[in-house]
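Undergrad: Got a structure here, written out as structure tokens. Questions coming.
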Amino acid sequence: MAIKMNTILWIFQILLAIKAISIAVTHGINQHKPTMKDAIERQGESARRRLKITAVCLLVVSVGIILPAGIGKFVWVTTIAAVVFALMALISIPLHMKCHDKPKLIVGLILFLMNAFLAYGRWMIAPLQ
């Protein structure tokens, strides 16, 4: 059972790290796309700065989800990175609602649940050694 759960958690880690990187790219680099420009205008002046901070945080999270588990050192960072990503996903929900960005609402909920599962799994069910 522990081997299967460890495999499931590794799959979650890889998927969530890839998703964090893709969000970092869209929020940090692709701010000039028409859909992003409209959302930025609705959010106000500080939106671009917040998006860049979000992008940097997500890059750090993606490294934190994979690297410590991969090298076997500071493995507790994986759980913390998953908790941070879960909180970021939860915080993104009202921001996306303000932008009238409904599909992202569901994505935010799914990302929250996936990260919460990963954090709980790596903390309680199949901790890394």
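Here, A, B, ... name the chains of the structure tokens in the order displayed, residue numbers run from 1 inside each chain, and ligands are numbered from 1 in the same displayed order.
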Do a neighbour search on A:Ser92 at 10 Å with only C-alpha atoms, toss out local chain neighbours closer than 3 positions, and write the hits as a PyMOL selection string.
TA: chain A and resi 54+86-89+95-98+104-105+107-109+112
Undergrad: Point out the residue among A:Ser46, A:Leu67, A:Leu58, A:Ile106 with the least atom-to-atom distance to A:Trp10, counting only C-alpha atoms.
TA: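 Checking each of A:Ser46, A:Leu67, A:Leu58, A:Ile106 against A:Trp10, counting only C-alpha atoms, the winner is A:Leu67.
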Undergrad: Mind the document's chain letters and residue numbers, and return as a VMD selection string the residues of stretch 15-77 of chain A that DSSP labels alpha helix (DSSP H).
TA: chain A and resid 15 to 28 34 to 43 47 to 71 76 to 77
Undergrad: Can you work out which one of A:Thr26, A:Pro127, A:Lys19, A:Leu90 has the shortest atom-to-atom distance to A:Leu113, counting only C-alpha atoms?
TA: A:Leu90
Undergrad: Do you know which residues are at most 8 Å from A:Ala17 counting only C-alpha atoms, after dropping those on the same chain fewer than 5 positions away, and could you put them as a PyMOL selection string?
TA: chain A and resi 61-63+65-66
Undergrad: Mind pulling up the distance from atom CA of A:Cys99 to atom CA of A:Arg42?
TA: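 Calculated distance between atom CA of A:Arg42 and atom CA of A:Cys99 is 6.1 Å.
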Undergrad: Quick one: distance from atom CA of A:Ile21 to atom CA of A:Phe85 in Å, one decimal?
TA: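 Between these atoms lies a distance of 11.5 Å.
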Undergrad: So what do you get for atom CA of A:Gln13 versus atom CA of A:Ile110, distance-wise?
TA: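 About the pair atom CA of A:Gln13 and atom CA of A:Ile110: they are 14.2 Å apart.
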Undergrad: When distances are computed from only C-alpha atoms, which of A:Gln31, A:Ile91, A:Cys57, A:Ala81 shows the smallest separation from A:Ala119?
TA: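 Ranked by minimum distance to A:Ala119, first place goes to A:Ala81.
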Undergrad: Counting only C-alpha atoms, figure out which residue out of A:Ser22, A:Thr35, A:Asn6, A:Asn30 gets nearest to A:Met124.
TA: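 Checking each of A:Ser22, A:Thr35, A:Asn6, A:Asn30 against A:Met124, counting only C-alpha atoms, the winner is A:Asn6.
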Undergrad: Would you mind telling me which residue in A:Leu51, A:Ala126, A:Ala20, A:Met5 lies nearest to A:Gly64 when using only C-alpha atoms?
TA: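 Of the candidates, the smallest distance to A:Gly64 is held by A:Ala20.
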Undergrad: Considering only C-alpha atoms, can you say which of A:Ala24, A:Leu9, A:Ala39, A:Ile53 comes closest to A:Gly121?
TA: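 Under the stated criterion, the closest residue is A:Leu9.
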